[in-house]
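File shown: upload12.pdb (PDB, C-alpha atoms and all ligand atoms).
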```pdb
ATOM      1  CA  MET A   1    -188.060  -8.404 -58.362
ATOM      2  CA  ALA A   2    -189.195 -11.339 -60.558
ATOM      3  CA  ALA A   3    -191.036 -14.101 -58.682
ATOM      4  CA  GLN A   4    -188.326 -16.707 -59.333
ATOM      5  CA  ASN A   5    -185.668 -14.345 -57.995
ATOM      6  CA  LEU A   6    -187.622 -13.914 -54.746
ATOM      7  CA  GLY A   7    -187.321 -17.671 -54.228
ATOM      8  CA  LYS A   8    -183.608 -17.639 -55.036
ATOM      9  CA  GLN A   9    -182.978 -14.780 -52.635
ATOM     10  CA  ALA A  10    -184.998 -16.324 -49.808
ATOM     11  CA  ALA A  11    -183.153 -19.659 -50.149
ATOM     12  CA  ALA A  12    -179.739 -17.996 -50.300
ATOM     13  CA  ILE A  13    -180.289 -15.775 -47.259
ATOM     14  CA  ARG A  14    -181.521 -18.674 -45.149
ATOM     15  CA  ALA A  15    -178.650 -20.976 -46.173
ATOM     16  CA  ILE A  16    -176.026 -18.344 -45.361
ATOM     17  CA  THR A  17    -177.747 -17.559 -42.052
ATOM     18  CA  ASP A  18    -177.786 -21.201 -40.994
ATOM     19  CA  TYR A  19    -174.360 -22.362 -42.136
ATOM     20  CA  VAL A  20    -171.845 -19.514 -41.971
ATOM     21  CA  LYS A  21    -169.676 -19.293 -38.860
ATOM     22  CA  ASN A  22    -166.602 -17.321 -37.918
ATOM     23  CA  GLY A  23    -163.291 -18.745 -39.175
ATOM     24  CA  GLN A  24    -164.710 -20.815 -42.016
ATOM     25  CA  VAL A  25    -163.292 -21.529 -45.448
ATOM     26  CA  ILE A  26    -166.283 -21.147 -47.775
ATOM     27  CA  GLY A  27    -166.794 -22.402 -51.338
ATOM     28  CA  ILE A  28    -168.611 -19.956 -53.577
ATOM     29  CA  GLY A  29    -170.644 -21.468 -56.412
ATOM     30  CA  SER A  30    -171.660 -19.967 -59.747
ATOM     31  CA  GLY A  31    -174.852 -18.756 -61.355
ATOM     32  CA  SER A  32    -177.540 -16.256 -60.431
ATOM     33  CA  THR A  33    -178.677 -17.679 -57.064
ATOM     34  CA  ILE A  34    -175.223 -17.520 -55.515
ATOM     35  CA  VAL A  35    -175.178 -13.763 -56.142
ATOM     36  CA  TYR A  36    -177.789 -13.407 -53.379
ATOM     37  CA  GLY A  37    -175.705 -15.724 -51.205
ATOM     38  CA  VAL A  38    -172.582 -13.625 -51.604
ATOM     39  CA  GLN A  39    -174.522 -10.425 -50.895
ATOM     40  CA  GLU A  40    -175.794 -11.930 -47.652
ATOM     41  CA  LEU A  41    -172.372 -13.319 -46.760
ATOM     42  CA  ALA A  42    -170.747  -9.913 -47.267
ATOM     43  CA  LYS A  43    -173.433  -8.322 -45.101
ATOM     44  CA  ARG A  44    -172.824 -10.798 -42.272
ATOM     45  CA  VAL A  45    -169.037 -10.555 -42.531
ATOM     46  CA  LYS A  46    -169.309  -6.777 -42.149
ATOM     47  CA  SER A  47    -171.943  -6.592 -39.448
ATOM     48  CA  GLU A  48    -170.587  -9.459 -37.301
ATOM     49  CA  ASN A  49    -166.917  -8.823 -38.099
ATOM     50  CA  LEU A  50    -166.518 -12.433 -39.250
ATOM     51  CA  SER A  51    -163.218 -13.770 -40.519
ATOM     52  CA  VAL A  52    -163.806 -16.097 -43.499
ATOM     53  CA  LYS A  53    -161.920 -17.127 -46.630
ATOM     54  CA  CYS A  54    -163.643 -17.779 -49.936
ATOM     55  CA  ILE A  55    -162.782 -20.256 -52.682
ATOM     56  CA  PRO A  56    -164.360 -19.562 -56.089
ATOM     57  CA  THR A  57    -165.795 -22.169 -58.464
ATOM     58  CA  SER A  58    -165.468 -19.978 -61.561
ATOM     59  CA  PHE A  59    -164.266 -16.670 -62.918
ATOM     60  CA  GLN A  60    -167.738 -15.290 -62.114
ATOM     61  CA  ALA A  61    -167.465 -16.459 -58.504
ATOM     62  CA  GLN A  62    -164.004 -14.939 -58.184
ATOM     63  CA  GLN A  63    -165.327 -11.609 -59.411
ATOM     64  CA  LEU A  64    -168.236 -11.780 -56.978
ATOM     65  CA  ILE A  65    -165.854 -12.410 -54.081
ATOM     66  CA  ILE A  66    -163.625  -9.514 -55.112
ATOM     67  CA  GLU A  67    -166.554  -7.127 -55.750
ATOM     68  CA  HIS A  68    -167.885  -7.801 -52.250
ATOM     69  CA  ALA A  69    -164.446  -7.311 -50.683
ATOM     70  CA  LEU A  70    -164.402 -10.844 -49.284
ATOM     71  CA  PRO A  71    -161.038 -12.571 -48.717
ATOM     72  CA  LEU A  72    -160.118 -14.788 -51.659
ATOM     73  CA  THR A  73    -158.133 -17.986 -51.249
ATOM     74  CA  THR A  74    -157.238 -21.109 -53.235
ATOM     75  CA  LEU A  75    -157.515 -24.856 -52.829
ATOM     76  CA  GLU A  76    -153.734 -24.935 -52.568
ATOM     77  CA  GLN A  77    -153.809 -22.677 -49.521
ATOM     78  CA  CYS A  78    -156.983 -24.174 -48.056
ATOM     79  CA  PRO A  79    -157.420 -27.747 -49.301
ATOM     80  CA  VAL A  80    -160.302 -28.445 -46.917
ATOM     81  CA  ILE A  81    -163.423 -26.312 -47.231
ATOM     82  CA  ASP A  82    -165.887 -26.025 -44.351
ATOM     83  CA  VAL A  83    -168.974 -25.352 -46.408
ATOM     84  CA  ALA A  84    -169.655 -24.794 -50.113
ATOM     85  CA  PHE A  85    -172.775 -23.016 -51.367
ATOM     86  CA  ASP A  86    -174.052 -23.370 -54.910
ATOM     87  CA  GLY A  87    -177.147 -23.304 -57.076
ATOM     88  CA  ALA A  88    -178.446 -26.146 -59.234
ATOM     89  CA  ASP A  89    -180.347 -26.609 -62.463
ATOM     90  CA  GLU A  90    -182.513 -29.505 -61.268
ATOM     91  CA  ILE A  91    -182.745 -31.444 -57.994
ATOM     92  CA  ASP A  92    -184.556 -34.673 -57.256
ATOM     93  CA  LYS A  93    -185.858 -36.107 -53.982
ATOM     94  CA  ASN A  94    -182.530 -37.796 -53.215
ATOM     95  CA  LEU A  95    -180.872 -34.363 -53.518
ATOM     96  CA  THR A  96    -179.071 -35.492 -56.665
ATOM     97  CA  CYS A  97    -178.468 -32.419 -58.799
ATOM     98  CA  ILE A  98    -177.875 -31.590 -62.406
ATOM     99  CA  LYS A  99    -175.433 -28.693 -62.506
ATOM    100  CA  GLY A 100    -173.393 -26.959 -65.150
ATOM    101  CA  GLY A 101    -175.998 -24.795 -66.844
ATOM    102  CA  GLY A 102    -173.478 -21.995 -66.436
ATOM    103  CA  GLY A 103    -170.628 -24.190 -67.680
ATOM    104  CA  CYS A 104    -168.723 -24.278 -64.373
ATOM    105  CA  LEU A 105    -169.423 -27.881 -63.360
ATOM    106  CA  THR A 106    -165.871 -29.159 -63.036
ATOM    107  CA  GLN A 107    -164.657 -26.523 -60.593
ATOM    108  CA  GLU A 108    -168.020 -26.641 -58.830
ATOM    109  CA  LYS A 109    -167.741 -30.390 -58.313
ATOM    110  CA  ILE A 110    -164.157 -30.137 -57.071
ATOM    111  CA  VAL A 111    -165.110 -27.505 -54.506
ATOM    112  CA  ALA A 112    -168.247 -29.425 -53.452
ATOM    113  CA  TYR A 113    -166.334 -32.683 -53.063
ATOM    114  CA  PHE A 114    -163.622 -31.214 -50.862
ATOM    115  CA  SER A 115    -166.152 -29.473 -48.615
ATOM    116  CA  ARG A 116    -167.354 -30.805 -45.293
ATOM    117  CA  ALA A 117    -170.829 -29.688 -46.290
ATOM    118  CA  PHE A 118    -172.249 -28.960 -49.718
ATOM    119  CA  VAL A 119    -175.327 -26.761 -49.470
ATOM    120  CA  VAL A 120    -177.594 -26.110 -52.445
ATOM    121  CA  MET A 121    -179.717 -22.969 -52.676
ATOM    122  CA  ALA A 122    -182.427 -22.846 -55.335
ATOM    123  CA  ASP A 123    -185.869 -21.549 -56.139
ATOM    124  CA  SER A 124    -188.716 -24.035 -56.066
ATOM    125  CA  SER A 125    -188.846 -24.443 -59.863
ATOM    126  CA  LYS A 126    -185.661 -26.514 -59.657
ATOM    127  CA  ARG A 127    -187.297 -29.347 -57.711
ATOM    128  CA  SER A 128    -188.099 -32.358 -59.836
ATOM    129  CA  ASP A 129    -189.589 -35.832 -59.490
ATOM    130  CA  LYS A 130    -187.382 -37.105 -62.279
ATOM    131  CA  LEU A 131    -184.154 -35.564 -63.512
ATOM    132  CA  GLY A 132    -184.455 -34.439 -67.096
ATOM    133  CA  THR A 133    -188.109 -33.418 -66.828
ATOM    134  CA  THR A 134    -187.733 -29.826 -65.621
ATOM    135  CA  TRP A 135    -184.188 -29.098 -66.880
ATOM    136  CA  MET A 136    -184.575 -29.907 -70.552
ATOM    137  CA  LYS A 137    -181.174 -28.708 -71.754
ATOM    138  CA  GLY A 138    -179.363 -31.949 -71.024
ATOM    139  CA  LEU A 139    -176.632 -33.139 -68.680
ATOM    140  CA  PRO A 140    -173.564 -30.926 -69.143
ATOM    141  CA  ILE A 141    -170.356 -32.857 -69.784
ATOM    142  CA  GLU A 142    -167.009 -31.019 -69.915
ATOM    143  CA  VAL A 143    -164.618 -32.478 -72.495
ATOM    144  CA  LEU A 144    -161.189 -31.780 -73.905
ATOM    145  CA  PRO A 145    -161.735 -29.900 -77.185
ATOM    146  CA  LEU A 146    -159.592 -32.230 -79.268
ATOM    147  CA  ALA A 147    -161.779 -35.215 -78.350
ATOM    148  CA  TYR A 148    -165.268 -33.699 -78.461
ATOM    149  CA  LYS A 149    -166.369 -35.436 -81.671
ATOM    150  CA  PRO A 150    -165.555 -39.064 -80.777
ATOM    151  CA  ILE A 151    -166.894 -38.496 -77.261
ATOM    152  CA  GLN A 152    -170.140 -37.109 -78.712
ATOM    153  CA  GLN A 153    -170.495 -40.095 -81.058
ATOM    154  CA  THR A 154    -169.639 -42.621 -78.344
ATOM    155  CA  ILE A 155    -172.180 -41.243 -75.882
ATOM    156  CA  GLU A 156    -174.958 -41.167 -78.485
ATOM    157  CA  LYS A 157    -174.180 -44.673 -79.769
ATOM    158  CA  LYS A 158    -173.764 -46.286 -76.368
ATOM    159  CA  TYR A 159    -176.434 -44.511 -74.351
ATOM    160  CA  GLY A 160    -178.768 -42.831 -76.878
ATOM    161  CA  GLY A 161    -180.025 -39.250 -76.915
ATOM    162  CA  ASN A 162    -178.154 -36.275 -78.336
ATOM    163  CA  ALA A 163    -174.876 -34.865 -77.046
ATOM    164  CA  VAL A 164    -174.999 -31.305 -78.302
ATOM    165  CA  LEU A 165    -171.881 -29.137 -78.455
ATOM    166  CA  ARG A 166    -172.694 -25.990 -76.475
ATOM    167  CA  ILE A 167    -172.345 -22.914 -78.667
ATOM    168  CA  ALA A 168    -171.164 -19.606 -77.253
ATOM    169  CA  GLN A 169    -173.267 -16.478 -77.243
ATOM    170  CA  LYS A 170    -171.680 -13.311 -78.616
ATOM    171  CA  LYS A 171    -168.785 -15.384 -80.022
ATOM    172  CA  ALA A 172    -168.737 -17.616 -83.069
ATOM    173  CA  GLY A 173    -168.228 -21.298 -82.342
ATOM    174  CA  PRO A 174    -168.314 -23.384 -79.184
ATOM    175  CA  LEU A 175    -168.472 -22.134 -75.620
ATOM    176  CA  VAL A 176    -165.061 -22.411 -73.969
ATOM    177  CA  THR A 177    -165.109 -23.095 -70.218
ATOM    178  CA  ASP A 178    -162.993 -21.324 -67.584
ATOM    179  CA  SER A 179    -160.577 -24.253 -67.909
ATOM    180  CA  GLY A 180    -160.380 -23.995 -71.718
ATOM    181  CA  ASN A 181    -162.619 -26.950 -72.557
ATOM    182  CA  PHE A 182    -165.880 -27.622 -74.422
ATOM    183  CA  ILE A 183    -169.264 -28.658 -73.043
ATOM    184  CA  LEU A 184    -171.516 -31.335 -74.490
ATOM    185  CA  ASP A 185    -175.107 -31.011 -73.285
ATOM    186  CA  TRP A 186    -176.353 -34.559 -73.328
ATOM    187  CA  GLU A 187    -180.104 -34.732 -73.891
ATOM    188  CA  PHE A 188    -180.403 -38.180 -72.391
ATOM    189  CA  PRO A 189    -183.279 -40.637 -72.813
ATOM    190  CA  LEU A 190    -185.432 -40.418 -69.687
ATOM    191  CA  GLU A 191    -185.414 -44.193 -69.215
ATOM    192  CA  VAL A 192    -181.638 -44.429 -68.657
ATOM    193  CA  ASP A 193    -180.243 -45.061 -65.183
ATOM    194  CA  LEU A 194    -178.601 -41.657 -65.095
ATOM    195  CA  THR A 195    -176.225 -42.399 -62.227
ATOM    196  CA  ALA A 196    -174.969 -45.618 -63.834
ATOM    197  CA  VAL A 197    -174.543 -43.949 -67.211
ATOM    198  CA  ALA A 198    -172.791 -40.913 -65.739
ATOM    199  CA  ASN A 199    -170.365 -43.292 -64.042
ATOM    200  CA  GLY A 200    -169.731 -44.839 -67.464
ATOM    201  CA  VAL A 201    -169.382 -41.520 -69.282
ATOM    202  CA  ILE A 202    -166.694 -40.331 -66.874
ATOM    203  CA  ASN A 203    -164.502 -43.250 -67.984
ATOM    204  CA  ILE A 204    -164.422 -42.144 -71.620
ATOM    205  CA  PRO A 205    -160.966 -40.655 -72.240
ATOM    206  CA  GLY A 206    -161.212 -36.904 -72.753
ATOM    207  CA  VAL A 207    -164.267 -36.515 -70.503
ATOM    208  CA  LEU A 208    -163.220 -34.285 -67.622
ATOM    209  CA  GLU A 209    -166.432 -34.174 -65.593
ATOM    210  CA  HIS A 210    -170.189 -34.358 -65.810
ATOM    211  CA  GLY A 211    -172.789 -32.266 -64.051
ATOM    212  CA  LEU A 212    -174.548 -35.028 -62.102
ATOM    213  CA  PHE A 213    -173.875 -34.511 -58.385
ATOM    214  CA  VAL A 214    -174.807 -37.738 -56.620
ATOM    215  CA  GLY A 215    -174.719 -38.116 -52.822
ATOM    216  CA  MET A 216    -172.974 -34.777 -52.382
ATOM    217  CA  THR A 217    -175.717 -32.443 -51.140
ATOM    218  CA  GLU A 218    -175.966 -32.195 -47.370
ATOM    219  CA  CYS A 219    -178.843 -29.773 -47.391
ATOM    220  CA  LEU A 220    -181.142 -28.136 -49.917
ATOM    221  CA  TYR A 221    -182.679 -24.705 -49.327
ATOM    222  CA  LEU A 222    -185.646 -24.361 -51.641
ATOM    223  CA  GLY A 223    -187.090 -20.857 -51.778
ATOM    224  CA  HIS A 224    -190.640 -19.931 -52.740
ATOM    225  CA  GLN A 225    -191.821 -16.649 -54.174
ATOM    226  CA  ASP A 226    -193.704 -15.791 -50.949
ATOM    227  CA  GLY A 227    -190.343 -15.771 -49.144
ATOM    228  CA  SER A 228    -190.797 -19.129 -47.390
ATOM    229  CA  VAL A 229    -188.011 -21.695 -47.587
ATOM    230  CA  ASP A 230    -188.128 -25.496 -47.388
ATOM    231  CA  ILE A 231    -185.041 -26.963 -45.770
ATOM    232  CA  ILE A 232    -184.470 -30.525 -46.921
ATOM    233  CA  ASN A 233    -181.701 -32.559 -45.318
ATOM    234  CA  LYS A 234    -179.989 -35.630 -46.681
ATOM    235  CA  GLN A 235    -180.994 -37.605 -43.608
ATOM    236  CA  LYS A 236    -184.668 -37.319 -44.554
ATOM    237  CA  TYR A 237    -184.176 -39.746 -47.435
TER     238      TYR A 237
HETATM  239  O1  LIG A 301    -174.310 -25.145 -62.131
HETATM  240  C1  LIG A 301    -174.317 -23.944 -62.261
HETATM  241  C2  LIG A 301    -173.354 -23.211 -63.104
HETATM  242  O2  LIG A 301    -172.480 -24.089 -63.756
HETATM  243  C3  LIG A 301    -175.339 -23.134 -61.544
HETATM  244  O3  LIG A 301    -175.217 -23.356 -60.188
HETATM  245  C4  LIG A 301    -176.687 -23.565 -62.029
HETATM  246  O4  LIG A 301    -176.715 -23.352 -63.435
HETATM  247  C5  LIG A 301    -177.804 -22.773 -61.347
HETATM  248  O5  LIG A 301    -177.761 -21.463 -61.755
HETATM  249  P1  LIG A 301    -178.802 -20.366 -61.256
HETATM  250  O6  LIG A 301    -178.498 -20.101 -59.829
HETATM  251  O7  LIG A 301    -178.549 -19.195 -62.142
HETATM  252  O8  LIG A 301    -180.174 -20.939 -61.446
END
```
Let me see whether you can do it: turn the structure in this file into structure tokens.
Amino acid sequence: MAAQNLGKQAAAIRAITDYVKNGQVIGIGSGSTIVYGVQELAKRVKSENLSVKCIPTSFQAQQLIIEHALPLTTLEQCPVIDVAFDGADEIDKNLTCIKGGGGCLTQEKIVAYFSRAFVVMADSSKRSDKLGTTWMKGLPIEVLPLAYKPIQQTIEKKYGGNAVLRIAQKKAGPLVTDSGNFILDWEFPLEVDLTAVANGVINIPGVLEHGLFVGMTECLYLGHQDGSVDIINKQKY
């Protein structure tokens, strides 16, 4: 297994071990790290005969839940989630995350927000002293397709940087999210107050969500390639 994947797996196993309890409603994030989390969850559900319900944050997450024969539910049926697990693209010391590298940020943020605990699992390469220095692909912003151009121009004019329309792979044209929208990856100037700007960006009509998760993470599990895991709680900061 690649070194980075060892870190992802170690973090995911430890997070699932610590947080999952019988009877919980569990949010399932998206990306490659959560795959290890779902594998571990399925193992525990089987071996301990746990009764849980899972809420997906994407089509990928829904498929993972189904493939592992875990019970699938919806926010309509279970509007309060006990714990949501997800990966991240970059995380700073305040446990603020950039998410959305996989294009699922809006559903991910909804599920995280309505969870009693939002737990991030990541390999150690995701840790950063300053957001934007290890994840160089920009802050993902989900927008309504009809408004992408004026939103792009407004962000660049008002806040600087480049808001790049994410292009699909193996399909001509832009990437279309699970909710039928476009993503602008905003390569922001490092000197901006990212939280303040993200709060401004969200008020532009046609912007649905951005991938900055501020004050949401209860606990970060950061896995290293030797199998060790740092557990970093919100209270530490
Ligand atoms: O935000 C996400 C998807 O929208 C993912 O959680 C993020 O991209 C991390 O992915 P990975 O676990 O593959 O590193």
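Residues in contact with ligand LIG 301 (chain A) (atom pairs separated by at most 8 Å; only C-alpha atoms and all ligand atoms) are Lys8, Gly29, Ser30, Gly31, Ser32, Thr33, Ile34, Asp86, Gly87, Ala88, Asp89, Ile98, Lys99, Gly100, Gly101, Gly102, Gly103, Cys104, Leu105, Glu108, Met121, Ala122, Asp123 and Gly211 of chain A.
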request  = Identify the residues around (-176.2, -33.1, -71.3) within a radius of 7 Å, measuring from only C-alpha atoms in the coordinates stated by the file, and give them as number ranges by chain.
outcome  = A: 137-141, 163, 184-188
message = If I take CA of Ala69 in chain A and CA of Ala42 in chain A, how far is one from the other in Å, to one decimal?
response =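 Calculated distance between CA of Ala69 in chain A and CA of Ala42 in chain A is 7.6 Å.
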request  = May I ask for the distance between CA of Glu218 in chain A and CA of Ala11 in chain A, given in Å to one decimal place?
outcome  = 14.7 Å
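Each of A:Tyr113, A:Ile28, A:Arg44, A:Cys78 was compared to Ile65 in chain A using only C-alpha atoms, and A:Ile28 turns out to be the nearest.
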request  = Compare A:Asn94, A:Ser124, A:Gln153, A:Thr57 by their minimum atom-to-atom distance to Thr106 in chain A, counting all atoms listed in the file, and give me the closest one.
outcome  =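 Among A:Asn94, A:Ser124, A:Gln153, A:Thr57, it is A:Thr57 that comes nearest to Thr106 in chain A.
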task = Please work out which residues fall within 9 Å of (-180.7, -36.9, -62.1), coordinates as given in the file, with only C-alpha atoms counting, and return them as a list in words.
result = Glu90, Ile91, Asp92, Leu95, Thr96, Cys97, Ile98, Ser128, Lys130, Leu131, Gly132, Leu139, Asp193, Leu194, Thr195, Leu212, Phe213 and Val214 of chain A
key: Spatial neighbours of Leu75 in chain A, 10 Å, all atoms listed in the file, chain gap at least 4 places, as a PyMOL selection string   = chain A and resi 25+27+54-56+79-81+110-111+114
ask   = When you draw a straight line from CA of Glu76 in chain A to CA of Val20 in chain A, how long is it in Å?
value =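 Between CA of Glu76 in chain A and CA of Val20 in chain A the gap is 21.7 Å.
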How close does range 3-82 of chain A get to range 227-233 of chain A? List, as JSON lines, each residue of range 3-82 of chain A within 9 Å, its nearest atom pair and the distance in Å to one decimal, counting all atoms listed in the file.
```
{"residue": "A:Leu6", "atom": "CA", "partner": "A:Gly227", "partner_atom": "CA", "distance": 6.5}
{"residue": "A:Gly7", "atom": "CA", "partner": "A:Gly227", "partner_atom": "CA", "distance": 6.2}
{"residue": "A:Gln9", "atom": "CA", "partner": "A:Gly227", "partner_atom": "CA", "distance": 8.2}
{"residue": "A:Ala10", "atom": "CA", "partner": "A:Gly227", "partner_atom": "CA", "distance": 5.4}
{"residue": "A:Ala11", "atom": "CA", "partner": "A:Val229", "partner_atom": "CA", "distance": 5.9}
{"residue": "A:Arg14", "atom": "CA", "partner": "A:Val229", "partner_atom": "CA", "distance": 7.6}
{"residue": "A:Ala15", "atom": "CA", "partner": "A:Ile231", "partner_atom": "CA", "distance": 8.8}
```
request  = Pick out the closest residue to Gly206 in chain A from this set: A:Ala12, A:Ile26, A:Val143, A:Leu50. Count all atoms listed in the file.
outcome  =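 Looking at the shortest contact to Gly206 in chain A, the residue is A:Val143.
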Expand the PyMOL selection byres (((chain A and resi 145) around 12) and not hetatm) into the explicit residue set it covers here, and present it as a tab-separated table (two decimals) with C-alpha atoms, in the coordinates of the input.
```tsv
chain	number	residue	atom	x	y	z
A	141	ILE	CA	-170.36	-32.86	-69.78
A	142	GLU	CA	-167.01	-31.02	-69.92
A	143	VAL	CA	-164.62	-32.48	-72.50
A	144	LEU	CA	-161.19	-31.78	-73.90
A	146	LEU	CA	-159.59	-32.23	-79.27
A	147	ALA	CA	-161.78	-35.22	-78.35
A	148	TYR	CA	-165.27	-33.70	-78.46
A	149	LYS	CA	-166.37	-35.44	-81.67
A	150	PRO	CA	-165.56	-39.06	-80.78
A	151	ILE	CA	-166.89	-38.50	-77.26
A	152	GLN	CA	-170.14	-37.11	-78.71
A	165	LEU	CA	-171.88	-29.14	-78.46
A	166	ARG	CA	-172.69	-25.99	-76.47
A	173	GLY	CA	-168.23	-21.30	-82.34
A	174	PRO	CA	-168.31	-23.38	-79.18
A	175	LEU	CA	-168.47	-22.13	-75.62
A	176	VAL	CA	-165.06	-22.41	-73.97
A	177	THR	CA	-165.11	-23.10	-70.22
A	179	SER	CA	-160.58	-24.25	-67.91
A	180	GLY	CA	-160.38	-24.00	-71.72
A	181	ASN	CA	-162.62	-26.95	-72.56
A	182	PHE	CA	-165.88	-27.62	-74.42
A	183	ILE	CA	-169.26	-28.66	-73.04
A	184	LEU	CA	-171.52	-31.34	-74.49
A	205	PRO	CA	-160.97	-40.66	-72.24
A	206	GLY	CA	-161.21	-36.90	-72.75
A	207	VAL	CA	-164.27	-36.52	-70.50
A	208	LEU	CA	-163.22	-34.28	-67.62
```
query = Residues picked by the PyMOL selection byres (((chain A and resi 71) around 6) and not hetatm) here, as a PyMOL selection string?
reply = chain A and resi 53-54+70+72
Output C-alpha atoms of each residue in that selection to a file, as a PDB file, keeping the file's coordinate frame.
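The resulting file, part.pdb, is reproduced below:
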```
ATOM      1  CA  LYS A  53    -161.920 -17.127 -46.630  1.00  0.00           C
ATOM      2  CA  CYS A  54    -163.643 -17.779 -49.936  1.00  0.00           C
ATOM      3  CA  LEU A  70    -164.402 -10.844 -49.284  1.00  0.00           C
ATOM      4  CA  LEU A  72    -160.118 -14.788 -51.659  1.00  0.00           C
TER       5      LEU A  72
END
```
Please write out, as JSON, where the centre of an axis-aligned box around all listed atoms of range 51-69 of chain A lies and how long its edges are, in Å to one decimal, after adding 6 Å on each side.
```
{"center_x": -165.1, "center_y": -14.6, "center_z": -51.7, "size_x": 18.3, "size_y": 27.0, "size_z": 34.4}
```
